>>> print(open('data-v5.csv').read())   # CSV, C-alpha atoms
chain,number,residue,atom,x,y,z
A,1,MET,CA,-10.8,-17.5,22.4
A,2,LEU,CA,-10.0,-18.3,18.7
A,3,THR,CA,-8.1,-21.4,17.9
A,4,THR,CA,-4.5,-21.1,16.5
A,5,SER,CA,-4.8,-20.4,12.8
A,6,THR,CA,-3.4,-22.9,10.3
A,7,THR,CA,-4.1,-20.7,7.3
A,8,ARG,CA,-1.6,-19.3,4.9
A,9,VAL,CA,-1.6,-17.3,1.7
A,10,LEU,CA,-1.8,-19.5,-1.4
A,11,GLU,CA,1.2,-19.5,-3.8
A,12,PRO,CA,0.7,-19.0,-7.5
A,13,HIS,CA,1.5,-22.7,-8.2
A,14,GLU,CA,-1.5,-23.7,-6.2
A,15,LEU,CA,-3.9,-22.4,-8.8
A,16,ASP,CA,-5.4,-25.8,-9.8
A,17,ALA,CA,-6.1,-26.7,-6.1
A,18,ALA,CA,-7.8,-23.4,-5.6
A,19,LEU,CA,-9.9,-23.8,-8.7
A,20,ALA,CA,-10.9,-27.3,-7.5
A,21,VAL,CA,-12.3,-25.8,-4.3
A,22,LEU,CA,-14.1,-23.0,-6.2
A,23,ASP,CA,-15.6,-25.5,-8.6
A,24,ARG,CA,-17.4,-27.3,-5.7
A,25,ASP,CA,-20.0,-24.5,-5.8
A,26,PRO,CA,-19.7,-22.8,-9.1
A,27,ILE,CA,-22.8,-20.6,-8.7
A,28,SER,CA,-22.0,-19.2,-5.2
A,29,ASN,CA,-18.3,-18.8,-6.1
A,30,ALA,CA,-18.7,-17.3,-9.5
A,31,PHE,CA,-17.4,-13.8,-8.5
A,32,VAL,CA,-14.1,-15.1,-6.9
A,33,ALA,CA,-13.6,-17.9,-9.5
A,34,ALA,CA,-13.9,-15.4,-12.4
A,35,ARG,CA,-11.2,-13.2,-10.8
A,36,VAL,CA,-8.9,-16.1,-10.1
A,37,GLN,CA,-9.3,-17.5,-13.7
A,38,VAL,CA,-8.2,-14.1,-15.1
A,39,ALA,CA,-5.6,-13.1,-12.6
A,40,GLY,CA,-4.3,-16.3,-11.0
A,41,LEU,CA,-3.2,-16.1,-7.3
A,42,ASP,CA,-0.7,-13.3,-7.5
A,43,PRO,CA,-2.0,-10.8,-4.9
A,44,TRP,CA,-1.0,-7.8,-7.1
A,45,ARG,CA,-3.0,-9.0,-10.1
A,46,LEU,CA,-5.8,-10.6,-8.0
A,47,GLY,CA,-6.4,-7.4,-6.0
A,48,GLY,CA,-6.1,-9.2,-2.7
A,49,GLU,CA,-4.7,-12.4,-1.0
A,50,MET,CA,-6.2,-15.8,-1.2
A,51,TRP,CA,-6.1,-17.5,2.1
A,52,GLY,CA,-6.2,-21.3,2.3
A,53,TRP,CA,-7.2,-23.6,5.1
A,54,TYR,CA,-5.4,-27.0,5.0
A,55,THR,CA,-6.2,-30.3,6.6
A,56,GLY,CA,-3.5,-32.9,6.5
A,57,GLY,CA,-1.8,-30.9,3.9
A,58,ARG,CA,-4.8,-30.8,1.6
A,59,LEU,CA,-6.5,-27.5,0.7
A,60,GLU,CA,-10.1,-27.6,2.1
A,61,SER,CA,-11.3,-24.0,2.2
A,62,LEU,CA,-10.5,-20.6,0.9
A,63,CYS,CA,-11.1,-16.9,1.8
A,64,TYR,CA,-10.5,-14.1,-0.6
A,65,ALA,CA,-9.2,-11.0,1.2
A,66,GLY,CA,-9.3,-7.9,-0.9
A,67,ALA,CA,-11.8,-5.1,-1.2
A,68,ASN,CA,-14.3,-7.8,0.0
A,69,LEU,CA,-13.7,-10.5,2.5
A,70,VAL,CA,-15.2,-13.7,1.0
A,71,PRO,CA,-15.3,-17.1,2.8
A,72,ILE,CA,-15.4,-19.9,0.2
A,73,CYS,CA,-16.5,-23.5,1.0
A,74,ALA,CA,-15.4,-22.7,4.6
A,75,THR,CA,-15.8,-25.3,7.3
A,76,PRO,CA,-16.5,-24.0,10.9
A,77,GLU,CA,-12.8,-24.7,11.7
A,78,ALA,CA,-11.7,-22.8,8.6
A,79,VAL,CA,-14.0,-19.8,9.5
A,80,ARG,CA,-12.2,-19.6,12.9
A,81,GLY,CA,-8.8,-19.7,11.2
A,82,PHE,CA,-9.8,-17.1,8.7
A,83,ALA,CA,-11.2,-14.9,11.5
A,84,GLU,CA,-8.0,-15.1,13.5
A,85,ARG,CA,-5.9,-14.1,10.4
A,86,ALA,CA,-8.3,-11.2,9.6
A,87,LEU,CA,-8.1,-10.0,13.2
A,88,ARG,CA,-4.3,-10.0,13.1
A,89,ALA,CA,-4.2,-8.2,9.8
A,90,GLY,CA,-6.9,-5.6,10.7
A,91,ARG,CA,-9.8,-4.6,8.6
A,92,ARG,CA,-8.9,-3.6,5.1
A,93,CYS,CA,-12.1,-4.6,3.3
A,94,SER,CA,-15.2,-2.5,2.7
A,95,SER,CA,-17.5,-5.5,3.1
A,96,ILE,CA,-17.8,-9.1,4.1
A,97,VAL,CA,-19.9,-11.1,1.7
A,98,GLY,CA,-20.5,-14.8,1.0
A,99,PRO,CA,-22.8,-17.7,1.8
A,100,ALA,CA,-25.1,-16.7,4.6
A,101,ASP,CA,-24.2,-19.4,7.2
A,102,THR,CA,-20.5,-19.1,6.9
A,103,THR,CA,-20.5,-15.3,6.6
A,104,ALA,CA,-22.6,-15.1,9.8
A,105,GLU,CA,-20.1,-17.3,11.6
A,106,LEU,CA,-17.2,-15.2,10.4
A,107,TRP,CA,-18.9,-11.9,11.3
A,108,SER,CA,-19.8,-13.2,14.8
A,109,LEU,CA,-16.0,-13.6,15.4
A,110,LEU,CA,-15.0,-10.3,13.8
A,111,GLU,CA,-17.8,-8.1,15.1
A,112,PRO,CA,-16.4,-7.5,18.6
A,113,SER,CA,-13.3,-5.9,17.0
A,114,TRP,CA,-14.5,-4.7,13.7
A,115,GLY,CA,-18.0,-3.7,14.6
A,116,PRO,CA,-20.3,-2.0,14.4
A,117,ALA,CA,-21.0,-2.4,10.7
A,118,ARG,CA,-22.8,0.3,8.8
A,119,GLU,CA,-25.3,-2.3,7.7
A,120,VAL,CA,-25.8,-6.0,7.9
A,121,ARG,CA,-27.9,-7.7,5.2
A,122,ALA,CA,-28.3,-11.1,6.8
A,123,HIS,CA,-30.4,-12.9,4.1
A,124,GLN,CA,-29.9,-12.2,0.4
A,125,PRO,CA,-31.5,-14.9,-1.7
A,126,LEU,CA,-29.2,-16.4,-4.4
A,127,MET,CA,-31.2,-17.1,-7.5
A,128,ALA,CA,-30.3,-18.9,-10.7
A,129,THR,CA,-31.7,-20.1,-14.0
A,130,THR,CA,-30.6,-22.2,-16.9
A,131,SER,CA,-33.3,-21.3,-19.4
A,132,MET,CA,-35.1,-18.4,-21.0
A,133,PRO,CA,-38.6,-17.5,-19.8
A,134,ALA,CA,-41.4,-18.9,-22.0
A,135,ASP,CA,-43.8,-16.0,-21.6
A,136,ILE,CA,-41.7,-12.9,-21.4
A,137,ALA,CA,-40.2,-11.5,-24.6
A,138,PRO,CA,-36.8,-9.9,-24.3
A,139,ASP,CA,-36.8,-6.1,-24.7
A,140,PRO,CA,-35.5,-5.6,-28.2
A,141,HIS,CA,-34.2,-2.1,-27.2
A,142,VAL,CA,-31.8,-3.6,-24.6
A,143,ARG,CA,-28.3,-3.8,-26.1
A,144,ARG,CA,-24.7,-3.8,-25.3
A,145,VAL,CA,-23.3,-0.4,-24.1
A,146,HIS,CA,-20.7,0.9,-26.6
A,147,LYS,CA,-17.2,1.9,-25.5
A,148,ASP,CA,-17.9,5.6,-26.4
A,149,GLU,CA,-21.0,5.7,-24.2
A,150,MET,CA,-19.3,5.9,-20.8
A,151,ASP,CA,-20.8,9.3,-20.2
A,152,VAL,CA,-24.2,7.8,-20.9
A,153,ILE,CA,-23.9,4.7,-18.6
A,154,MET,CA,-22.0,6.2,-15.7
A,155,PRO,CA,-24.8,8.3,-14.2
A,156,ALA,CA,-27.1,5.3,-14.1
A,157,CYS,CA,-24.3,3.2,-12.5
A,158,VAL,CA,-23.7,5.8,-9.9
A,159,ALA,CA,-27.4,6.1,-9.1
A,160,MET,CA,-27.8,2.3,-8.9
A,161,PHE,CA,-24.8,1.9,-6.6
A,162,THR,CA,-25.8,4.7,-4.3
A,163,GLU,CA,-29.4,3.4,-4.1
A,164,GLU,CA,-28.2,-0.2,-3.5
A,165,VAL,CA,-25.2,0.3,-1.1
A,166,GLY,CA,-26.2,3.5,0.6
A,167,VAL,CA,-23.0,5.4,-0.2
A,168,SER,CA,-21.8,7.0,-3.4
A,169,PRO,CA,-19.1,5.1,-5.4
A,170,LEU,CA,-17.6,8.6,-6.1
A,171,ALA,CA,-16.5,9.0,-2.5
A,172,GLY,CA,-12.9,8.6,-1.5
A,173,ASP,CA,-10.9,8.5,-4.8
A,174,GLY,CA,-13.4,10.5,-6.8
A,175,GLY,CA,-14.8,7.3,-8.4
A,176,LEU,CA,-11.7,6.4,-10.3
A,177,LEU,CA,-11.8,2.7,-9.3
A,178,TYR,CA,-15.5,2.5,-9.9
A,179,GLN,CA,-15.3,4.1,-13.3
A,180,ALA,CA,-12.5,1.7,-14.2
A,181,ARG,CA,-14.7,-1.3,-13.2
A,182,VAL,CA,-17.6,0.1,-15.3
A,183,ALA,CA,-15.2,0.7,-18.2
A,184,GLU,CA,-13.9,-2.9,-17.9
A,185,LEU,CA,-17.4,-4.4,-18.2
A,186,VAL,CA,-18.3,-2.1,-21.1
A,187,GLY,CA,-15.1,-3.1,-22.8
A,188,ALA,CA,-15.7,-6.7,-22.3
A,189,GLY,CA,-19.2,-6.4,-23.8
A,190,ARG,CA,-20.9,-7.3,-20.5
A,191,SER,CA,-22.8,-4.0,-19.9
A,192,PHE,CA,-26.3,-3.8,-21.2
A,193,ALA,CA,-28.8,-0.9,-21.3
A,194,ARG,CA,-32.0,0.5,-22.9
A,195,VAL,CA,-31.2,4.1,-23.8
A,196,GLU,CA,-33.9,6.6,-24.7
A,197,ASN,CA,-33.0,10.1,-25.8
A,198,GLY,CA,-29.5,9.7,-24.5
A,199,ARG,CA,-30.6,8.5,-21.1
A,200,VAL,CA,-30.5,5.0,-19.6
A,201,VAL,CA,-33.9,3.8,-18.5
A,202,PHE,CA,-32.8,0.2,-17.8
A,203,LYS,CA,-29.4,-1.4,-17.2
A,204,ALA,CA,-27.6,-4.5,-15.9
A,205,GLU,CA,-24.2,-6.1,-16.2
A,206,ILE,CA,-22.8,-9.6,-16.3
A,207,GLY,CA,-20.4,-8.9,-13.6
A,208,ALA,CA,-18.6,-12.3,-13.2
A,209,ALA,CA,-18.3,-15.1,-15.8
A,210,THR,CA,-16.8,-18.5,-15.7
A,211,ARG,CA,-17.3,-21.5,-17.9
A,212,HIS,CA,-19.8,-22.9,-15.3
A,213,ALA,CA,-21.8,-19.8,-14.4
A,214,CYS,CA,-22.2,-16.1,-14.7
A,215,GLN,CA,-23.6,-13.5,-12.2
A,216,ILE,CA,-25.8,-10.7,-13.3
A,217,GLN,CA,-25.5,-7.5,-11.2
A,218,GLY,CA,-26.4,-3.8,-11.2
A,219,VAL,CA,-30.0,-4.2,-12.3
A,220,TRP,CA,-31.6,-0.8,-12.3
A,221,VAL,CA,-34.6,1.0,-13.8
A,222,ALA,CA,-34.8,4.8,-13.8
A,223,PRO,CA,-37.3,5.7,-11.0
A,224,GLU,CA,-39.9,7.3,-13.3
A,225,PHE,CA,-40.0,4.2,-15.5
A,226,ARG,CA,-40.6,1.7,-12.7
A,227,GLY,CA,-43.8,-0.3,-12.6
A,228,ARG,CA,-43.9,-0.7,-16.3
A,229,GLY,CA,-42.4,-4.2,-16.5
A,230,LEU,CA,-39.0,-3.0,-17.9
A,231,SER,CA,-37.1,-5.0,-15.3
A,232,GLU,CA,-38.7,-8.2,-16.5
A,233,THR,CA,-38.3,-7.6,-20.3
A,234,GLY,CA,-34.9,-6.1,-19.7
A,235,MET,CA,-33.7,-9.0,-17.6
A,236,ALA,CA,-35.0,-11.4,-20.3
A,237,ALA,CA,-32.8,-9.6,-22.8
A,238,VAL,CA,-29.7,-9.7,-20.6
A,239,LEU,CA,-30.5,-13.4,-19.9
A,240,ARG,CA,-30.5,-14.1,-23.6
A,241,TYR,CA,-26.9,-12.8,-23.9
A,242,ALA,CA,-25.8,-14.5,-20.6
A,243,LEU,CA,-27.1,-18.0,-21.5
A,244,GLY,CA,-26.4,-17.7,-25.2
A,245,GLU,CA,-22.9,-16.4,-25.1
A,246,VAL,CA,-21.4,-16.6,-21.6
A,247,ALA,CA,-22.3,-19.6,-19.4
A,248,PRO,CA,-25.0,-22.3,-19.0
A,249,VAL,CA,-26.2,-20.9,-15.7
A,250,ALA,CA,-27.0,-17.3,-14.9
A,251,SER,CA,-27.3,-16.2,-11.2
A,252,LEU,CA,-27.8,-13.1,-9.1
A,253,TYR,CA,-28.5,-12.3,-5.5
A,254,VAL,CA,-31.0,-9.8,-4.2
A,255,ASN,CA,-31.9,-8.2,-0.9
A,256,ASP,CA,-34.7,-10.1,0.8
A,257,PHE,CA,-36.6,-6.9,1.5
A,258,ASN,CA,-36.8,-6.1,-2.2
A,259,THR,CA,-40.0,-8.0,-2.8
A,260,ALA,CA,-40.7,-6.3,-6.2
A,261,ALA,CA,-37.3,-7.4,-7.6
A,262,ARG,CA,-37.6,-10.9,-6.2
A,263,ALA,CA,-41.0,-11.3,-7.8
A,264,ALA,CA,-39.7,-9.9,-11.2
A,265,TYR,CA,-36.8,-12.3,-11.2
A,266,ARG,CA,-39.1,-15.2,-10.4
A,267,ARG,CA,-41.3,-14.3,-13.3
A,268,VAL,CA,-38.2,-14.3,-15.6
A,269,GLY,CA,-37.5,-17.8,-14.4
A,270,PHE,CA,-34.9,-17.4,-11.6
A,271,GLN,CA,-35.3,-19.8,-8.6
A,272,GLU,CA,-33.7,-19.5,-5.2
A,273,VAL,CA,-30.7,-21.9,-4.8
A,274,GLY,CA,-29.1,-20.5,-1.7
A,275,ALA,CA,-28.6,-17.3,0.3
A,276,PHE,CA,-25.8,-14.7,0.7
A,277,MET,CA,-25.1,-12.3,3.5
A,278,SER,CA,-23.4,-9.0,3.3
A,279,VAL,CA,-21.8,-6.9,6.0
A,280,LEU,CA,-21.1,-3.3,4.9
A,281,PHE,CA,-18.7,-0.9,6.5
>>> encode(input="data-v5.csv", output="structure tokens")
Amino acid sequence: MLTTSTTRVLEPHELDAALAVLDRDPISNAFVAARVQVAGLDPWRLGGEMWGWYTGGRLESLCYAGANLVPICATPEAVRGFAERALRAGRRCSSIVGPADTTAELWSLLEPSWGPAREVRAHQPLMATTSMPADIAPDPHVRRVHKDEMDVIMPACVAMFTEEVGVSPLAGDGGLLYQARVAELVGAGRSFARVENGRVVFKAEIGAATRHACQIQGVWVAPEFRGRGLSETGMAAVLRYALGEVAPVASLYVNDFNTAARAAYRRVGFQEVGAFMSVLF
């Protein structure tokens, strides 16, 4: 039996308190922190609600409830409170993702009602670096994707997403939301690719960015170009942009079974600093 929830939706005037919680772990929380810094706490602009767990009137933990359900700096008591609120609201998210321990606790409470999941990725190493690799030269052909190259980058993005998540991002709304997100990153100058003969052979994005940390995502090499070291030199190129122009720390998370990618990231200088967990519906 879950305990009575003491959570509530944060009000816009609580922005500073929310950012203080997010700043406790700026690497793990980069995705949500970046959204909050841009949109504030208004659910319409944020794309979801921000739930807060309070102890003695003080905000202790958060949970972002939008397309993803994301526990943030959540104590065991907060996890129970967030689970109770989520059960009352019903599942509206396409995934649960966050630090492995708290996400596992949250899923254990939600699974009897929300399960079975399509897939559970229980251990996804969170990796980070603050410096460029000494022995891997950035690929000079990796560059920012131009705004008029959406038709060039979209097929690679769709292929990466389908390979990574197991479903096409074009399902449901025909890909309108996904295309808008890709266009947003391209417009912000945070989409990078190596293009040969009009075709993407390597790509990656800086998907979230705060003044503390940024998160690299969507790393993909065209299948016929794999095994040539393009992921390493390409990542070094993206890392040059990330550390030089965006934030002092660059991070990413990767599936534990993707041993080739983990090895490539280590060679570029990334080290494991934690672990995420994802529950996909």
>>> atom_distance(input="data-v5.csv", atom1="CA of Tyr64 in chain A", atom2="CA of Met50 in chain A")
4.7 Å
>>> residues_around(input="data-v5.csv", residues="Ala128 in chain A", least_positions_apart="4", cutoff="10 Å", atoms="all atoms listed in the file", output="list in words")
Ile27, Ser28, Ala213, Cys214, Gln215, Ile216, Val249, Ala250, Ser251, Leu252, Tyr253, Tyr265, Arg266, Gly269, Phe270, Gln271, Glu272, Val273 and Gly274 of chain A
>>> closest_residue(input="data-v5.csv", among="A:Leu176, A:Leu59, A:Val195, A:Ala89", to="Thr75 in chain A", atoms="all atoms listed in the file")
A:Leu59
>>> closest_residue(input="data-v5.csv", among="A:Glu49, A:Asp135, A:Asp16, A:Asp23", to="Arg211 in chain A", atoms="all atoms listed in the file")
A:Asp23
>>> residues_around(input="data-v5.csv", residues="Ala209 in chain A", least_positions_apart="3", cutoff="8 Å", atoms="only C-alpha atoms", output="list of chain:residue names")
A:Ala30, A:Phe31, A:Ala34, A:Ile206, A:His212, A:Ala213, A:Cys214, A:Gln215, A:Val246, A:Ala247
>>> residues_around(input="data-v5.csv", residues="Met277 in chain A", least_positions_apart="2", cutoff="6 Å", atoms="only C-alpha atoms", output="PDB file with C-alpha atoms, keeping the file's coordinate frame")
ATOM      1  CA  VAL A  97     -19.900 -11.100   1.700  1.00  0.00           C
ATOM      2  CA  GLY A  98     -20.500 -14.800   1.000  1.00  0.00           C
ATOM      3  CA  ALA A 100     -25.100 -16.700   4.600  1.00  0.00           C
ATOM      4  CA  ARG A 121     -27.900  -7.700   5.200  1.00  0.00           C
ATOM      5  CA  ALA A 122     -28.300 -11.100   6.800  1.00  0.00           C
ATOM      6  CA  HIS A 123     -30.400 -12.900   4.100  1.00  0.00           C
ATOM      7  CA  GLN A 124     -29.900 -12.200   0.400  1.00  0.00           C
TER       8      GLN A 124
END
>>> residues_around(input="data-v5.csv", residues="Leu69 in chain A", least_positions_apart="5", cutoff="12 Å", atoms="only C-alpha atoms", output="JSON, numbers by chain")
{"A": [32, 47, 48, 49, 50, 51, 62, 63, 64, 79, 82, 83, 85, 86, 90, 91, 92, 93, 94, 95, 96, 97, 98, 99, 102, 103, 106, 107, 110, 277, 278, 279, 280, 281]}
>>> closest_residue(input="data-v5.csv", among="A:Ile136, A:Val70, A:Met150, A:Ala204", to="Ala242 in chain A", atoms="only C-alpha atoms")
A:Ala204
>>> residues_near_point(input="data-v5.csv", point="(-33.6, 3.1, -17.0)", cutoff="8 Å", atoms="all atoms listed in the file", output="list of chain:residue names")
A:Ala156, A:Ala193, A:Arg194, A:Val195, A:Arg199, A:Val200, A:Val201, A:Phe202, A:Lys203, A:Trp220, A:Val221, A:Ala222, A:Pro223, A:Phe225
>>> build_atoms(input="data-v5.csv", residues="range 108-119 of chain A", atoms="all heavy atoms", output="PDB file, keeping the file's coordinate frame")
ATOM      1  N   SER A 108     -19.615 -13.081  13.355  1.00  0.00           N
ATOM      2  CA  SER A 108     -19.800 -13.200  14.800  1.00  0.00           C
ATOM      3  C   SER A 108     -18.415 -13.169  15.522  1.00  0.00           C
ATOM      4  O   SER A 108     -18.317 -12.707  16.658  1.00  0.00           O
ATOM      5  CB  SER A 108     -20.527 -14.480  15.163  1.00  0.00           C
ATOM      6  OG  SER A 108     -19.718 -15.631  14.953  1.00  0.00           O
ATOM      7  N   LEU A 109     -17.380 -13.652  14.840  1.00  0.00           N
ATOM      8  CA  LEU A 109     -16.000 -13.600  15.400  1.00  0.00           C
ATOM      9  C   LEU A 109     -15.325 -12.306  15.219  1.00  0.00           C
ATOM     10  O   LEU A 109     -14.483 -11.924  16.035  1.00  0.00           O
ATOM     11  CB  LEU A 109     -15.195 -14.773  14.800  1.00  0.00           C
ATOM     12  CG  LEU A 109     -15.705 -16.194  15.049  1.00  0.00           C
ATOM     13  CD1 LEU A 109     -14.921 -17.198  14.228  1.00  0.00           C
ATOM     14  CD2 LEU A 109     -15.629 -16.548  16.536  1.00  0.00           C
ATOM     15  N   LEU A 110     -15.665 -11.609  14.133  1.00  0.00           N
ATOM     16  CA  LEU A 110     -15.000 -10.300  13.800  1.00  0.00           C
ATOM     17  C   LEU A 110     -15.694  -9.131  14.446  1.00  0.00           C
ATOM     18  O   LEU A 110     -15.054  -8.109  14.709  1.00  0.00           O
ATOM     19  CB  LEU A 110     -14.911 -10.155  12.317  1.00  0.00           C
ATOM     20  CG  LEU A 110     -14.067 -11.173  11.548  1.00  0.00           C
ATOM     21  CD1 LEU A 110     -14.167 -10.903  10.052  1.00  0.00           C
ATOM     22  CD2 LEU A 110     -12.607 -11.128  12.003  1.00  0.00           C
ATOM     23  N   GLU A 111     -16.998  -9.243  14.681  1.00  0.00           N
ATOM     24  CA  GLU A 111     -17.800  -8.100  15.100  1.00  0.00           C
ATOM     25  C   GLU A 111     -17.263  -7.420  16.387  1.00  0.00           C
ATOM     26  O   GLU A 111     -17.244  -6.182  16.469  1.00  0.00           O
ATOM     27  CB  GLU A 111     -19.251  -8.459  15.267  1.00  0.00           C
ATOM     28  CG  GLU A 111     -20.138  -7.279  15.617  1.00  0.00           C
ATOM     29  CD  GLU A 111     -21.610  -7.652  15.705  1.00  0.00           C
ATOM     30  OE1 GLU A 111     -21.924  -8.861  15.762  1.00  0.00           O
ATOM     31  OE2 GLU A 111     -22.444  -6.728  15.730  1.00  0.00           O
ATOM     32  N   PRO A 112     -16.835  -8.187  17.412  1.00  0.00           N
ATOM     33  CA  PRO A 112     -16.400  -7.500  18.600  1.00  0.00           C
ATOM     34  C   PRO A 112     -15.207  -6.540  18.356  1.00  0.00           C
ATOM     35  O   PRO A 112     -15.080  -5.528  19.059  1.00  0.00           O
ATOM     36  CB  PRO A 112     -15.911  -8.677  19.520  1.00  0.00           C
ATOM     37  CG  PRO A 112     -16.770  -9.818  19.072  1.00  0.00           C
ATOM     38  CD  PRO A 112     -16.893  -9.655  17.585  1.00  0.00           C
ATOM     39  N   SER A 113     -14.371  -6.816  17.360  1.00  0.00           N
ATOM     40  CA  SER A 113     -13.300  -5.900  17.000  1.00  0.00           C
ATOM     41  C   SER A 113     -13.547  -5.002  15.875  1.00  0.00           C
ATOM     42  O   SER A 113     -13.097  -3.855  15.849  1.00  0.00           O
ATOM     43  CB  SER A 113     -12.000  -6.765  16.694  1.00  0.00           C
ATOM     44  OG  SER A 113     -11.559  -7.495  17.804  1.00  0.00           O
ATOM     45  N   TRP A 114     -14.308  -5.488  14.889  1.00  0.00           N
ATOM     46  CA  TRP A 114     -14.500  -4.700  13.700  1.00  0.00           C
ATOM     47  C   TRP A 114     -15.845  -3.950  13.679  1.00  0.00           C
ATOM     48  O   TRP A 114     -16.040  -3.054  12.868  1.00  0.00           O
ATOM     49  CB  TRP A 114     -14.520  -5.642  12.459  1.00  0.00           C
ATOM     50  CG  TRP A 114     -13.163  -6.121  12.055  1.00  0.00           C
ATOM     51  CD1 TRP A 114     -12.002  -6.044  12.767  1.00  0.00           C
ATOM     52  CD2 TRP A 114     -12.824  -6.763  10.813  1.00  0.00           C
ATOM     53  NE1 TRP A 114     -10.960  -6.600  12.062  1.00  0.00           N
ATOM     54  CE2 TRP A 114     -11.441  -7.053  10.850  1.00  0.00           C
ATOM     55  CE3 TRP A 114     -13.552  -7.134   9.696  1.00  0.00           C
ATOM     56  CZ2 TRP A 114     -10.782  -7.687   9.807  1.00  0.00           C
ATOM     57  CZ3 TRP A 114     -12.898  -7.764   8.653  1.00  0.00           C
ATOM     58  CH2 TRP A 114     -11.514  -8.031   8.702  1.00  0.00           C
ATOM     59  N   GLY A 115     -16.740  -4.302  14.571  1.00  0.00           N
ATOM     60  CA  GLY A 115     -18.000  -3.700  14.600  1.00  0.00           C
ATOM     61  C   GLY A 115     -17.998  -2.280  15.202  1.00  0.00           C
ATOM     62  O   GLY A 115     -16.975  -1.869  15.769  1.00  0.00           O
ATOM     63  N   PRO A 116     -19.123  -1.563  15.126  1.00  0.00           N
ATOM     64  CA  PRO A 116     -20.300  -2.000  14.400  1.00  0.00           C
ATOM     65  C   PRO A 116     -20.227  -1.770  12.929  1.00  0.00           C
ATOM     66  O   PRO A 116     -19.488  -0.908  12.463  1.00  0.00           O
ATOM     67  CB  PRO A 116     -21.415  -1.051  15.026  1.00  0.00           C
ATOM     68  CG  PRO A 116     -20.653   0.197  15.366  1.00  0.00           C
ATOM     69  CD  PRO A 116     -19.286  -0.257  15.811  1.00  0.00           C
ATOM     70  N   ALA A 117     -20.954  -2.584  12.169  1.00  0.00           N
ATOM     71  CA  ALA A 117     -21.000  -2.400  10.700  1.00  0.00           C
ATOM     72  C   ALA A 117     -21.987  -1.281  10.391  1.00  0.00           C
ATOM     73  O   ALA A 117     -22.877  -0.960  11.178  1.00  0.00           O
ATOM     74  CB  ALA A 117     -21.481  -3.707  10.074  1.00  0.00           C
ATOM     75  N   ARG A 118     -21.804  -0.688   9.224  1.00  0.00           N
ATOM     76  CA  ARG A 118     -22.800   0.300   8.800  1.00  0.00           C
ATOM     77  C   ARG A 118     -24.112  -0.310   8.488  1.00  0.00           C
ATOM     78  O   ARG A 118     -25.158   0.271   8.759  1.00  0.00           O
ATOM     79  CB  ARG A 118     -22.219   1.002   7.492  1.00  0.00           C
ATOM     80  CG  ARG A 118     -23.135   2.058   6.903  1.00  0.00           C
ATOM     81  CD  ARG A 118     -22.430   2.833   5.803  1.00  0.00           C
ATOM     82  NE  ARG A 118     -21.978   1.986   4.726  1.00  0.00           N
ATOM     83  CZ  ARG A 118     -22.753   1.565   3.711  1.00  0.00           C
ATOM     84  NH1 ARG A 118     -24.015   1.913   3.658  1.00  0.00           N
ATOM     85  NH2 ARG A 118     -22.257   0.802   2.753  1.00  0.00           N
ATOM     86  N   GLU A 119     -24.082  -1.542   7.946  1.00  0.00           N
ATOM     87  CA  GLU A 119     -25.300  -2.300   7.700  1.00  0.00           C
ATOM     88  C   GLU A 119     -25.013  -3.745   7.545  1.00  0.00           C
ATOM     89  O   GLU A 119     -23.970  -4.133   7.018  1.00  0.00           O
ATOM     90  CB  GLU A 119     -25.971  -1.759   6.387  1.00  0.00           C
ATOM     91  CG  GLU A 119     -27.349  -2.353   6.123  1.00  0.00           C
ATOM     92  CD  GLU A 119     -28.022  -1.766   4.890  1.00  0.00           C
ATOM     93  OE1 GLU A 119     -27.462  -0.848   4.269  1.00  0.00           O
ATOM     94  OE2 GLU A 119     -29.115  -2.248   4.549  1.00  0.00           O
TER      95      GLU A 119
END
